[in-house]
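Q: Supplied in C-alpha cells, the structure appears directly below.
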Amino acid sequence: MFSSTLIFGTLWWVAVLLALPSACIAWYSYRITVPPITDARRRVLITLRTIGLWIMLLILSEPLLRLVSSREEEPRLAIVLDNSLSAGMKDATFDRTKLYREFLRNANLSALGNKVVVYRFDAGTQELTSFSNDSITLTGQFSNIHQALTEVGKTADRTNVRSLLLVTDGAYNVGDNPLYAAEILARPITTIGIGDTTLPKDIALTSIIANDIAYSNVPTPVVVNIRSVGFAQTSLRVLLKDDATTIGEQIITPRSANEVQSVQFTYTPTSDGTRKLTAEIVPIANELTEKNNTIARFIRVLKDKRSFVMICGAPSADVSFIRNLLGDNSTEIKAFVQKTGDVFYDFGGREGTLTREILRAAECIIMVGYPTAQSGSSTMDMIAEELSHNKPLLFIASRETDYAKARVFDNYLPFTVASNSQQEVLVQAQVTAKALSSPAMKIQGADEDAIQWEALPPIFRTELFARAKPEAEVLATIRIGSTSVNEPLILQRTGASTRVLAVLGYGLFRWRLMGFAADRSKGKESADILSLFVNNAARWITAGDQGKRMRIATTRDVYAQGEPVEIVAQVYDQSYTPADNADVRVTLSLLGSSNANDKRDILLTGIGNGRYTAQVQGLRAGEYSFSGNALYRDALLGEDAGRFTIGNVALEYQDQRMNDRLLKDIAIKTGGKFIPIHECNPQEVLRAMLAEPNFVSRPITEQKEIPLWTTFWTVALAILAFSAEWWLRKQSGMM
C-alpha cells in the first residue's frame, strides 16, 4: 500500500489562498499591455506569472511531501556462522571441523529459501546471498561476534528477522563483549556451541608485556606469560627475539598439569626505531598445535636516555627531592641553580653555563621557583625561545617566584596572574574525580585516589590570584583549613604540539616527609604520592610526539592474511592547525623481499580535520615497514614511519576451550536456548525455531519526507514558469 500527504508549515487553506494574491498581481500586471495582445495570450501570461508567484509564496510556507509505503514482510531466521580457525580445530575431545561440517550438511540451509538469511563472520561479517557448505572455510584468524550480531541488527527490522541461530565456539578475540550486542538486538538467540570446555594438552604464549616506548642502551623489562596444560615437570625453552636475533633464553618447568607462569627478560635496545619483540617456546612433542608458541609486539625505541634540564631560582628542598625522584638509569638531568642574573651553579656547587645547546638537547624543561626578581633577561629570553619550539614544560612555583618577570613565558603557561603577595598560606590539594583522568594525577587509577590526594599534608602557597586559561584544565584547587577556595593549584595544558603542567604551590617535599615517610615510620602502608606525581608528570609531558606535525599508523600491529590493512594519518601545518589539503603518501614494503610487487605506493584520502586514511588489500603474509610524508604546495609538513605484520596470528589458538558460559548467557538473556553441537539435531532445532509463536509476518511501514521548499524541482518549476512568460513577452514585442 502506498499513500502520500502534502503538509504545509501553515494552515493548508492559507497555502491554497496564496493563489489569489498571486493571480491578482498577475492580472494587474497584464490588464494593459504595450503593444496590445490577444486575450488568449494574455490569459496564458497571467497563468504563467500566477504559477511562478504562487510557487514562490508556497516555498515560504515550507511544504512537505510525506510518502508512506506499507507491505507485509515474511518472517526470517538469521543464521550466523563462525568462520574462524578456532571453530575448526581439534580440541581435547572433538574434531570441530567434522562436527561443524556434519551440522551444516544436516541443516540443509539452502532448502529453506527466503525463510533464512545467512551470515558468516571472523574478523568481519558478510551476508551470504547464496549459501553452500563450502561457504564456510574456517580460515579466519580473528573472531568478532559482537560485530556479527550488530550487522544482523542493522537490517533486522526492515527484513523482519524474528530470531537468530548463532553457531560458534564463543571464543571472541576482537571487538566488544557480544552479550551487549545480543541484548540490544532484542530477539531470541539460540546458540550452538562448537567444541569442548576442557583444555587440551598444549602450551600457549598468552601475552608479552613491555613498555610502548623504550630508550636505546637503557635496560627495560619484558614479561612473557605462558599457559601449559598437561606438561607438568617438563622443561620448556623460552626465547626472546629482537626481530630475528635471539636476545634472551630461559628454561621453565611447570609444576602442575594446568599452570600459568611468567618469565621476565631484560631487553636493552641497541638502536632506535620501531622494533619487533617476539617470544617463542621451542615446540615439544604431543602439543595440540605449535601455532600459539609464538607471540610478538612492536615497541618504539627512542634515542639514548631521557634528557631533562632543570632551572631553579634558588636552592630548596623541592629542588633536591624532585631531582632525586627523577634521576634513574633512563634519565639524565642537568640542573642549574641561579646565582645571580644569568650566572648559575650546577648541582655540584660549581658555576655552570646554561646554553642554547643544553636547552635544545633537553626533552623537556623543568622550572622550580624560576624566574625570581634577580633572574637575567637574556636567559629568560633564551628559555622562551626554546619553549616556542614546543618544548614540554613542568613549572613549579616557590615563594621567590616573580610572576611579573614570568610574563615572558605567558604564551606557554596554562594560567594568568592577577596579583601576588609573598605572604604564605598553608593549603591542601582538592582534586575532582574528573581530574583523576589525567595520567599525572593517577595513584591507583580508582576514585579513591581523590581521597588520598586530599589527605596529604598541606604545602605552602603565596597569596596568589590566578586564572586558568581557556585551553587549560584545572586538576586541583586549594583548601585552606576546611574552606574550599576556587583557586588553581595544579593545572595542565594539552595541545597538538606540546604539553605543560604547572604547580602553583611549593614545599612539595612535605608530601613525602610528612605523609609517606611518616606513615612508613609508624608501620602503615602508604602511597608515595610525590614520587608518583613527579614521575607521572614527567612521563606525561614527554609522552607522544610533541612538535611532530605528522603521525602515521595502522589500526593494528597484526593483521590476518587477506584482511585489509587500514592506514590512518594526522597532519598539522606550521601553526599546528589540522591541515586538510595536504598530499599524503605512504610507501609499504615487505621486509626482506626484492619483488617489486611487494612494494606499494599509497595515496591517502582526506576525511577532514587533518585526518587521512586508506585501505590496502591483497598484501601477502610477512613483516612490513611503512614510511610516508605530507606535502602542501611542495613544502614538507612532516614525515613518519612504522611497521606491522600480516599473517602468523596465534590469537585463535590461545584459548582452545568452547566459551559455553558466554553462549549460555546470550541464550538466557535473549530467551533462546544453548545446545552443544555434538548433541544437536539441526533439522529439529530449525523446525522448532520456525514454529515459534513470534515467527510471524509483520507489516513493514516505511516513511519518507521530502521538504519541497528545498528540492530542485520545486524551484525549477517556478523558474520554468517565469522563463516561459519571458519568452512569450519577447515574442509579443513586450521586451
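Residues are named by chain letter and number: chains run A, B, ... in the order of the C-alpha cells, numbers start at 1 in each chain, and ligands are numbered from 1 in the order shown.
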Find the residues around Met367 (chain A) up to 12 Å (only C-alpha atoms counted), leave out those fewer than 6 positions away in its own chain, and share them as an NGL selection string.
A: :A and (308-314 or 318-319 or 322-323 or 334-338 or 380 or 383-384 or 387 or 392-398 or 401 or 406 or 409 or 413 or 500-504)
Q: Would you export the selected residues with N, CA and C atoms as a compact mmCIF listing (two decimals), in the first residue's frame, please?
A:
# COMPACT_ATOMS: atom_id res chain seq x y z
N PHE A 308 66.51 15.85 30.72
CA PHE A 308 65.77 16.98 31.27
C PHE A 308 66.76 18.08 31.65
N VAL A 309 66.33 19.31 31.50
CA VAL A 309 67.10 20.42 32.06
C VAL A 309 66.23 21.07 33.14
N MET A 310 66.84 21.26 34.31
CA MET A 310 66.12 21.76 35.48
C MET A 310 66.68 23.13 35.83
N ILE A 311 65.84 24.15 35.83
CA ILE A 311 66.28 25.52 36.08
C ILE A 311 65.60 26.00 37.36
N CYS A 312 66.43 26.34 38.36
CA CYS A 312 65.91 26.64 39.70
C CYS A 312 66.26 28.08 40.08
N GLY A 313 65.29 28.74 40.73
CA GLY A 313 65.53 30.11 41.15
C GLY A 313 66.44 30.21 42.35
N ALA A 314 66.44 29.18 43.21
CA ALA A 314 67.27 29.17 44.41
C ALA A 314 67.32 27.74 44.94
N ASP A 318 62.58 21.28 47.64
CA ASP A 318 61.84 20.82 46.46
C ASP A 318 62.80 20.48 45.33
N VAL A 319 63.80 21.32 45.12
CA VAL A 319 64.77 21.08 44.05
C VAL A 319 65.47 19.74 44.26
N ILE A 322 62.88 16.66 43.88
CA ILE A 322 62.43 16.43 42.50
C ILE A 322 63.57 15.87 41.66
N ARG A 323 64.77 16.41 41.86
CA ARG A 323 65.91 15.91 41.08
C ARG A 323 66.19 14.44 41.43
N LYS A 334 70.19 17.69 33.89
CA LYS A 334 71.16 18.77 34.05
C LYS A 334 70.47 19.88 34.83
N ALA A 335 70.91 20.09 36.07
CA ALA A 335 70.27 21.05 36.97
C ALA A 335 71.11 22.31 37.09
N PHE A 336 70.46 23.45 37.04
CA PHE A 336 71.12 24.76 37.16
C PHE A 336 70.38 25.57 38.20
N VAL A 337 71.14 26.05 39.22
CA VAL A 337 70.57 26.85 40.29
C VAL A 337 71.09 28.27 40.15
N GLN A 338 70.16 29.22 40.09
CA GLN A 338 70.55 30.61 39.83
C GLN A 338 71.41 31.18 40.95
N MET A 380 66.12 34.25 30.32
CA MET A 380 64.67 34.06 30.18
C MET A 380 64.26 34.10 28.71
N ILE A 383 65.16 30.80 27.17
CA ILE A 383 64.22 29.74 27.55
C ILE A 383 62.91 29.91 26.78
N ALA A 384 62.41 31.16 26.69
CA ALA A 384 61.16 31.41 25.98
C ALA A 384 61.27 31.02 24.51
N LEU A 387 60.95 27.28 24.35
CA LEU A 387 59.56 26.88 24.56
C LEU A 387 58.71 27.14 23.32
N PRO A 392 58.16 20.63 25.97
CA PRO A 392 57.31 20.41 27.14
C PRO A 392 57.88 21.13 28.37
N LEU A 393 56.98 21.53 29.26
CA LEU A 393 57.38 22.34 30.42
C LEU A 393 56.68 21.83 31.68
N LEU A 394 57.47 21.67 32.78
CA LEU A 394 56.94 21.43 34.11
C LEU A 394 57.31 22.64 34.96
N PHE A 395 56.30 23.39 35.42
CA PHE A 395 56.51 24.63 36.17
C PHE A 395 56.08 24.40 37.61
N ILE A 396 57.00 24.63 38.57
CA ILE A 396 56.70 24.51 39.99
C ILE A 396 57.08 25.82 40.66
N ALA A 397 56.14 26.39 41.39
CA ALA A 397 56.33 27.71 41.99
C ALA A 397 57.19 27.64 43.26
N SER A 398 57.58 28.81 43.75
CA SER A 398 58.22 28.95 45.06
C SER A 398 57.82 30.32 45.61
N THR A 401 59.21 33.13 43.42
CA THR A 401 58.84 33.25 42.00
C THR A 401 58.34 34.65 41.70
N ALA A 406 57.76 36.45 34.94
CA ALA A 406 57.33 35.22 34.28
C ALA A 406 56.40 35.50 33.10
N PHE A 409 56.94 34.18 29.69
CA PHE A 409 56.52 32.82 29.35
C PHE A 409 55.00 32.70 29.22
N LEU A 413 52.52 29.16 29.55
CA LEU A 413 51.99 28.76 30.84
C LEU A 413 50.47 28.60 30.76
N VAL A 500 52.05 21.06 28.97
CA VAL A 500 52.59 21.85 30.07
C VAL A 500 51.84 21.48 31.34
N LEU A 501 52.58 21.35 32.45
CA LEU A 501 51.97 21.10 33.75
C LEU A 501 52.52 22.15 34.71
N ALA A 502 51.65 22.75 35.51
CA ALA A 502 52.07 23.79 36.44
C ALA A 502 51.53 23.50 37.84
N VAL A 503 52.40 23.68 38.86
CA VAL A 503 52.02 23.55 40.26
C VAL A 503 52.24 24.91 40.91
N LEU A 504 51.16 25.55 41.37
CA LEU A 504 51.25 26.90 41.94
C LEU A 504 51.36 26.82 43.47
Q: Leaving out region 51-53 of chain A and any residue of its chain fewer than 2 positions from it, which residues lie within 9 Å of it when counting only C-alpha atoms, given as a tab-separated table (two decimals) with N, CA and C atoms, in the first residue's frame?
A:
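Saved the output as around.tsv:
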chain	number	residue	atom	x	y	z
A	19	ALA	N	-2.84	31.51	-3.75
A	19	ALA	CA	-3.01	31.60	-5.20
A	19	ALA	C	-3.79	32.86	-5.59
A	21	PRO	N	-3.80	36.15	-4.19
A	21	PRO	CA	-2.96	37.35	-4.42
A	21	PRO	C	-2.01	37.17	-5.60
A	22	SER	N	-1.56	35.92	-5.82
A	22	SER	CA	-0.68	35.69	-6.97
A	22	SER	C	-1.42	36.00	-8.26
A	23	ALA	N	-2.70	35.53	-8.37
A	23	ALA	CA	-3.50	35.78	-9.58
A	23	ALA	C	-3.81	37.27	-9.73
A	25	ILE	N	-2.02	39.83	-8.64
A	25	ILE	CA	-0.82	40.55	-9.08
A	25	ILE	C	-0.58	40.30	-10.56
A	26	ALA	N	-0.75	39.04	-11.00
A	26	ALA	CA	-0.54	38.72	-12.42
A	26	ALA	C	-1.56	39.43	-13.30
A	46	ILE	N	-0.89	35.55	-17.82
A	46	ILE	CA	-1.39	35.68	-16.44
A	46	ILE	C	-1.24	34.35	-15.70
A	47	THR	N	-1.56	33.26	-16.39
A	47	THR	CA	-1.45	31.94	-15.76
A	47	THR	C	0.00	31.61	-15.39
A	48	LEU	N	0.92	31.87	-16.31
A	48	LEU	CA	2.33	31.57	-16.03
A	48	LEU	C	2.86	32.38	-14.86
A	49	ARG	N	2.52	33.68	-14.83
A	49	ARG	CA	3.00	34.50	-13.71
A	49	ARG	C	2.35	34.06	-12.41
A	55	ILE	N	4.15	29.48	-6.51
A	55	ILE	CA	5.19	28.55	-6.05
A	55	ILE	C	6.16	29.25	-5.11
A	56	MET	N	6.56	30.47	-5.46
A	56	MET	CA	7.50	31.20	-4.59
A	56	MET	C	6.88	31.48	-3.22
A	57	LEU	N	5.56	31.79	-3.19
A	57	LEU	CA	4.89	32.01	-1.91
A	57	LEU	C	4.72	30.71	-1.14
A	58	LEU	N	4.46	29.60	-1.89
A	58	LEU	CA	4.33	28.31	-1.22
A	58	LEU	C	5.62	27.88	-0.55
A	717	LEU	N	10.41	24.42	-11.33
A	717	LEU	CA	9.08	24.67	-11.88
A	717	LEU	C	8.77	26.16	-11.89
A	718	ALA	N	9.14	26.85	-10.80
A	718	ALA	CA	8.92	28.30	-10.77
A	718	ALA	C	9.76	29.01	-11.83
A	719	ILE	N	11.02	28.59	-11.96
A	719	ILE	CA	11.90	29.21	-12.97
A	719	ILE	C	11.36	28.92	-14.38
A	720	LEU	N	10.84	27.71	-14.59
A	720	LEU	CA	10.28	27.36	-15.90
A	720	LEU	C	9.08	28.23	-16.24
A	721	ALA	N	8.20	28.48	-15.25
A	721	ALA	CA	7.03	29.33	-15.49
A	721	ALA	C	7.45	30.75	-15.84
A	722	PHE	N	8.42	31.30	-15.08
A	722	PHE	CA	8.88	32.66	-15.36
A	722	PHE	C	9.62	32.72	-16.69
Q: Ranking A:Leu354, A:Val616, A:Leu508, A:Leu489 by minimum distance to Gly562 (chain A) and counting only C-alpha atoms, which one comes first?
A: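 So, comparing all the options, the nearest one is A:Val616.
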Q: Can you check which residues of region 500-720 of chain A DSSP gives as strand (DSSP E) on the backbone and send them as JSON, numbers by chain?
A: {"A": [500, 501, 502, 503, 550, 551, 552, 553, 554, 558, 559, 565, 566, 567, 568, 569, 570, 571, 583, 584, 585, 586, 587, 588, 589, 590, 599, 600, 601, 602, 603, 605, 606, 607, 608, 611, 612, 613, 614, 615, 616, 622, 623, 624, 625, 626, 627, 628, 629, 630, 631, 632, 635, 636, 637, 638, 639, 640, 641, 642, 643, 644, 645, 646, 674, 675, 676, 698, 699, 700, 701, 702, 703, 704, 705, 706, 707]}
Q: Between CA of Ile706 (chain A) and CA of Ala724 (chain A), what is the spacing in Å?
A: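 Separation of CA of Ala724 (chain A) and CA of Ile706 (chain A): 26.6 Å.
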